[in-house]
Amino acid sequence: MLSTDEARVRATGKPWSFLHISKPEIDLPVGTNPYAPEVYAKAAENLKKMLAEGILARDPAPCYYAYRLVMGGHSQTGLVAAASVADYDTNRIRKHEFTRPDKEDDRVRQIDALNAQTGPVLLAYPDAPEVDEILALAASAAPDADVTAEDGIRHTIWVIHDSATLARLTAAFDAMPAIYIADGHHRSAAASRVCAARKATNPQHSGEESDNYFLSVIFPHHQMKIMDYNRVVSDLNGLDPEAFLKRIGEQFSVQASAAQFKPAKPNEFGLYLPGQWYRLEIRPELIPTADPVARLDVSLLQNHLIAPVLGIDDPRRDKRIDFVGGIRGLAELEKRVDSGEMAAAFALFATRMEDLMAVADAGEVMPPKSTWFEPKLADGLVSHVLD
């Protein structure tokens, strides 16, 4: 996520950059509190201006969009749709994370000020070959929008107008027992709060109003890309490297590696100490296969090494641990350790979508920093206006 300073630089000379809506403090004096009322008001002013100038245009009739993301050799094609707040509230749209009230509050204020949702929630749908086929066919036509962002991610949109196709897609999703939030828990929670607040003040509320839905992009789960989310620690809890490796060896097999070690399967971990990589594999009898949270690699590493050996019991708050997205590569782990900033690094196998879905189905919560989704959706490419 861009900082205010980064957004200000990126939007310089670009009056129609969507950063003027998603980071509107860039249009106010330097030092303005990004949560001040005037910031949300500025976002609303900028959105109205883009609509008035025709930079953004509303579709004349309800439709879906096919949305393709391409990052390097990876491609995924999903559906842009307004997802049901009622289904979110009843957990048919399933969650796997806790939310923070302050981040929810920010999203609520933004939606209320804009009277629109401009940042989509990233969702996943289970196996549905018919939906895959419809989206592939839609994406075989000439696109309605096709742009490559500064980070190299290509975003392509196809508008789906055909009434029969719209009906098939709607029926297919209505038949699904559940869909899953991948990223965007605060956005969906905020949409639920806005809907509830507006319903409470509207005696004529029918359930069909646009605030009963939230902007989403829903991809087939088998196309989605979760990258590894790695760990670095600042010290070895009073142990020297030899004693540290011996302690690890009580619950993991430990093998020195002549090169960088990137785990190739679950239950396998890379460990980097200054100048040396190791391959770790947890002993099979320690894996609680019936518990969808405890059997995750992030949980196994936390529960059998980071907490008992390093004494880091709360990775959400302990300042001795930090997290490195897999998109930065193993070289970033080496850099953090070799610089002396950190004492050790752990490379993990990426969490699988099936694991995330199992946790959500069980009504449980993923451990912190378990998933790093790439590529990211673009704010403002599509929006949902609340009439």
# chains A, B, ... in the order shown; residues from 1 in each chain; ligands from 1
call {"tool": "closest_atom_pairs", "arguments": {"of": "range 201-238 of chain A", "to": "range 323-347 of chain A", "cutoff": "6 Å", "atoms": "only C-alpha atoms", "output": "tab-separated table"}}
result
residue	atom	partner	partner_atom	distance
A:Met227	CA	A:Gly326	CA	5.5
A:Asp228	CA	A:Gly326	CA	4.7
A:Tyr229	CA	A:Gly325	CA	4.8
A:Asn230	CA	A:Val324	CA	5.0
A:Arg231	CA	A:Phe323	CA	4.7
A:Val232	CA	A:Ala345	CA	4.2
A:Val233	CA	A:Ala344	CA	5.5
A:Ser234	CA	A:Met342	CA	4.2
A:Asp235	CA	A:Ala343	CA	5.0
call {"tool": "write_last_selection", "arguments": {"atoms": "N, CA and C atoms", "output": "compact mmCIF listing (two decimals), in the first residue's frame"}}
result
# COMPACT_ATOMS: atom_id res chain seq x y z
N MET A 227 1.40 -16.14 -2.28
CA MET A 227 2.85 -16.25 -2.15
C MET A 227 3.21 -16.53 -0.70
N ASP A 228 4.42 -17.00 -0.51
CA ASP A 228 4.90 -17.27 0.84
C ASP A 228 4.99 -15.97 1.64
N TYR A 229 4.80 -16.10 2.95
CA TYR A 229 4.90 -14.96 3.85
C TYR A 229 5.92 -15.36 4.92
N ASN A 230 7.12 -14.82 4.78
CA ASN A 230 8.26 -15.32 5.54
C ASN A 230 8.50 -14.52 6.82
N ARG A 231 9.35 -15.06 7.70
CA ARG A 231 9.60 -14.47 9.01
C ARG A 231 11.08 -14.18 9.20
N VAL A 232 11.37 -13.08 9.88
CA VAL A 232 12.73 -12.78 10.33
C VAL A 232 12.67 -12.43 11.81
N VAL A 233 13.69 -12.83 12.56
CA VAL A 233 13.73 -12.57 14.00
C VAL A 233 15.03 -11.86 14.36
N SER A 234 14.96 -11.00 15.37
CA SER A 234 16.09 -10.12 15.68
C SER A 234 17.15 -10.76 16.56
N ASP A 235 16.80 -11.88 17.25
CA ASP A 235 17.79 -12.54 18.11
C ASP A 235 17.40 -14.00 18.28
call {"tool": "select_by_dssp", "arguments": {"residues": "range 13-183 of chain A", "states": "strand (DSSP E or B)", "output": "ChimeraX atom specification"}}
result
/A:64-71,74-84,93-94,116-117,121-125,145-148,154-160,179-183
call {"tool": "write_last_selection", "arguments": {"atoms": "C-alpha atoms", "output": "mmCIF file, in the first residue's frame"}}
result
data_model
loop_
_atom_site.group_PDB
_atom_site.id
_atom_site.type_symbol
_atom_site.label_atom_id
_atom_site.label_comp_id
_atom_site.auth_asym_id
_atom_site.auth_seq_id
_atom_site.Cartn_x
_atom_site.Cartn_y
_atom_site.Cartn_z
ATOM 1 C CA TYR A 64 -21.156 -8.048 -14.832
ATOM 2 C CA TYR A 65 -17.548 -7.696 -15.897
ATOM 3 C CA ALA A 66 -14.890 -10.277 -16.583
ATOM 4 C CA TYR A 67 -11.608 -9.064 -15.039
ATOM 5 C CA ARG A 68 -8.232 -10.559 -15.899
ATOM 6 C CA LEU A 69 -5.031 -9.964 -13.954
ATOM 7 C CA VAL A 70 -1.682 -10.878 -15.492
ATOM 8 C CA MET A 71 1.590 -10.792 -13.567
ATOM 9 C CA HIS A 74 0.561 -15.874 -14.109
ATOM 10 C CA SER A 75 -2.990 -15.109 -15.261
ATOM 11 C CA GLN A 76 -6.339 -15.246 -13.458
ATOM 12 C CA THR A 77 -9.789 -14.322 -14.742
ATOM 13 C CA GLY A 78 -12.658 -13.520 -12.403
ATOM 14 C CA LEU A 79 -16.027 -11.809 -12.177
ATOM 15 C CA VAL A 80 -16.693 -8.258 -11.007
ATOM 16 C CA ALA A 81 -19.991 -8.303 -9.127
ATOM 17 C CA ALA A 82 -21.903 -6.689 -6.293
ATOM 18 C CA ALA A 83 -21.806 -9.281 -3.500
ATOM 19 C CA SER A 84 -24.609 -9.640 -0.969
ATOM 20 C CA ILE A 93 -19.433 -15.258 2.230
ATOM 21 C CA ARG A 94 -16.860 -16.698 4.577
ATOM 22 C CA ALA A 116 -19.747 4.559 -3.365
ATOM 23 C CA GLN A 117 -17.380 1.638 -2.944
ATOM 24 C CA VAL A 121 -13.046 -7.112 -2.040
ATOM 25 C CA LEU A 122 -11.044 -10.065 -3.365
ATOM 26 C CA LEU A 123 -13.169 -13.225 -3.213
ATOM 27 C CA ALA A 124 -12.713 -16.830 -4.325
ATOM 28 C CA TYR A 125 -15.284 -19.305 -5.565
ATOM 29 C CA ALA A 145 -10.469 -1.638 -20.865
ATOM 30 C CA ASP A 146 -6.879 -2.823 -20.941
ATOM 31 C CA VAL A 147 -4.124 -1.176 -18.940
ATOM 32 C CA THR A 148 -0.725 -2.121 -17.570
ATOM 33 C CA ARG A 154 -1.920 -5.934 -16.542
ATOM 34 C CA HIS A 155 -5.611 -5.278 -15.803
ATOM 35 C CA THR A 156 -8.173 -6.131 -18.502
ATOM 36 C CA ILE A 157 -11.961 -5.711 -18.354
ATOM 37 C CA TRP A 158 -14.763 -7.094 -20.519
ATOM 38 C CA VAL A 159 -18.346 -5.891 -19.961
ATOM 39 C CA ILE A 160 -20.918 -8.725 -19.942
ATOM 40 C CA ILE A 179 -17.611 -18.147 -1.462
ATOM 41 C CA TYR A 180 -14.547 -16.975 0.409
ATOM 42 C CA ILE A 181 -12.913 -13.660 1.282
ATOM 43 C CA ALA A 182 -9.290 -13.790 0.231
ATOM 44 C CA ASP A 183 -8.410 -10.151 0.904
#
call {"tool": "residues_around", "arguments": {"residues": "Ala167 in chain A", "least_positions_apart": "5", "cutoff": "12 Å", "atoms": "only C-alpha atoms", "output": "PyMOL selection string"}}
result
chain A and resi 62-64+131+134+160-162+172-174
call {"tool": "residues_around", "arguments": {"residues": "Ser17 in chain A", "least_positions_apart": "4", "cutoff": "12 Å", "atoms": "only C-alpha atoms", "output": "list of chain:residue names"}}
result
A:Ala7, A:Arg8, A:Val9, A:Arg10, A:Ala11, A:Thr12, A:Gly13, A:Ile21, A:Ser22, A:Lys23, A:Pro24, A:Ile26, A:Asp27, A:Asn46, A:Leu47, A:Met50, A:Ile55, A:Leu56, A:Ala149, A:Ala378, A:Asp379, A:Gly380, A:Leu381
call {"tool": "atom_distance", "arguments": {"atom1": "CA of Lys95 in chain A", "atom2": "CA of Met357 in chain A"}}
result
9.0 Å
call {"tool": "atom_distance", "arguments": {"atom1": "CA of Gln276 in chain A", "atom2": "CA of Gly238 in chain A"}}
result
19.4 Å
call {"tool": "residues_around", "arguments": {"residues": "Arg316 in chain A", "least_positions_apart": "2", "cutoff": "8 Å", "atoms": "only C-alpha atoms", "output": "JSON, numbers by chain"}}
result
{"A": [314, 318, 368]}
call {"tool": "atom_distance", "arguments": {"atom1": "CA of Met224 in chain A", "atom2": "CA of Ser163 in chain A"}}
result
27.8 Å
call {"tool": "select_by_dssp", "arguments": {"residues": "range 151-342 of chain A", "states": "helix (DSSP H, G or I)", "output": "tab-separated table (two decimals) with C-alpha atoms, in the first residue's frame"}}
result
chain	number	residue	atom	x	y	z
A	163	SER	CA	-29.10	-11.17	-20.45
A	164	ALA	CA	-28.87	-14.95	-20.85
A	165	THR	CA	-25.24	-14.96	-19.77
A	166	LEU	CA	-26.03	-12.69	-16.82
A	167	ALA	CA	-28.76	-15.11	-15.74
A	168	ARG	CA	-26.47	-18.14	-16.05
A	169	LEU	CA	-23.80	-16.49	-13.93
A	170	THR	CA	-26.31	-15.41	-11.30
A	171	ALA	CA	-27.80	-18.90	-11.10
A	172	ALA	CA	-24.37	-20.50	-10.86
A	173	PHE	CA	-23.35	-18.31	-7.93
A	174	ASP	CA	-26.73	-18.71	-6.23
A	185	HIS	CA	-12.02	-8.13	5.32
A	186	HIS	CA	-12.14	-4.48	6.40
A	187	ARG	CA	-13.88	-3.40	3.19
A	188	SER	CA	-16.58	-6.06	3.50
A	189	ALA	CA	-17.08	-5.40	7.22
A	190	ALA	CA	-17.43	-1.68	6.51
A	191	ALA	CA	-20.00	-2.35	3.79
A	192	SER	CA	-22.02	-4.41	6.27
A	193	ARG	CA	-21.92	-1.58	8.81
A	194	VAL	CA	-22.98	1.02	6.23
A	195	CYS	CA	-25.87	-1.19	5.15
A	196	ALA	CA	-27.03	-1.72	8.73
A	197	ALA	CA	-26.85	1.99	9.54
A	198	ARG	CA	-28.81	3.00	6.46
A	199	LYS	CA	-31.40	0.28	7.03
A	200	ALA	CA	-31.93	1.55	10.59
A	210	SER	CA	-27.59	-0.76	-3.63
A	211	ASP	CA	-26.18	-0.48	-0.10
A	212	ASN	CA	-27.19	-4.12	0.40
A	221	HIS	CA	-9.82	-20.50	-6.23
A	222	HIS	CA	-7.60	-22.72	-8.36
A	223	GLN	CA	-6.31	-19.72	-10.34
A	241	PRO	CA	23.77	-20.79	16.58
A	242	GLU	CA	24.95	-24.27	17.58
A	243	ALA	CA	22.62	-24.45	20.58
A	244	PHE	CA	19.80	-22.97	18.50
A	245	LEU	CA	20.14	-25.68	15.85
A	246	LYS	CA	20.27	-28.36	18.53
A	247	ARG	CA	17.01	-27.10	20.04
A	248	ILE	CA	15.35	-27.03	16.63
A	284	PRO	CA	5.18	-36.00	11.03
A	285	GLU	CA	3.82	-37.04	14.41
A	286	LEU	CA	3.65	-33.37	15.44
A	297	ASP	CA	2.80	-24.34	8.17
A	298	VAL	CA	2.67	-20.89	9.79
A	299	SER	CA	1.13	-22.51	12.89
A	300	LEU	CA	3.60	-25.42	12.96
A	301	LEU	CA	6.55	-23.02	12.79
A	302	GLN	CA	5.04	-20.74	15.43
A	303	ASN	CA	3.97	-23.49	17.83
A	304	HIS	CA	7.03	-25.73	17.58
A	305	LEU	CA	9.89	-23.26	17.03
A	306	ILE	CA	9.18	-19.55	17.23
A	326	GLY	CA	7.44	-13.66	-0.71
A	327	ILE	CA	7.39	-11.29	-3.67
A	328	ARG	CA	10.64	-9.86	-2.27
A	329	GLY	CA	12.41	-13.19	-2.66
A	330	LEU	CA	14.91	-15.11	-0.53
A	331	ALA	CA	17.58	-12.51	-1.21
A	332	GLU	CA	15.65	-10.09	1.00
A	333	LEU	CA	15.84	-12.60	3.87
A	334	GLU	CA	19.60	-12.91	3.39
A	335	LYS	CA	19.94	-9.13	3.29
A	336	ARG	CA	18.05	-8.64	6.56
A	337	VAL	CA	20.25	-11.22	8.32
A	338	ASP	CA	23.62	-10.45	6.75
call {"tool": "closest_residue", "arguments": {"among": "A:Leu236, A:Met176, A:Ile287, A:Leu273", "to": "Phe252 in chain A", "atoms": "only C-alpha atoms"}}
result
A:Ile287
call {"tool": "closest_residue", "arguments": {"among": "A:Asn115, A:Asn202, A:Phe349, A:Gln110", "to": "Ala36 in chain A", "atoms": "only C-alpha atoms"}}
result
A:Gln110
call {"tool": "residues_around", "arguments": {"residues": "Trp277 in chain A", "least_positions_apart": "4", "cutoff": "6 Å", "atoms": "only C-alpha atoms", "output": "list in words"}}
result
Ser257, Gln260, Leu271 and Tyr272 of chain A
call {"tool": "write_last_selection", "arguments": {"atoms": "C-alpha atoms", "output": "PDB file, in the first residue's frame"}}
result
ATOM      1  CA  SER A 257      21.983 -26.572   2.329  1.00  0.00           C
ATOM      2  CA  GLN A 260      19.323 -20.909  -0.935  1.00  0.00           C
ATOM      3  CA  LEU A 271      16.233 -21.400   7.818  1.00  0.00           C
ATOM      4  CA  TYR A 272      18.917 -18.805   7.138  1.00  0.00           C
TER       5      TYR A 272
END
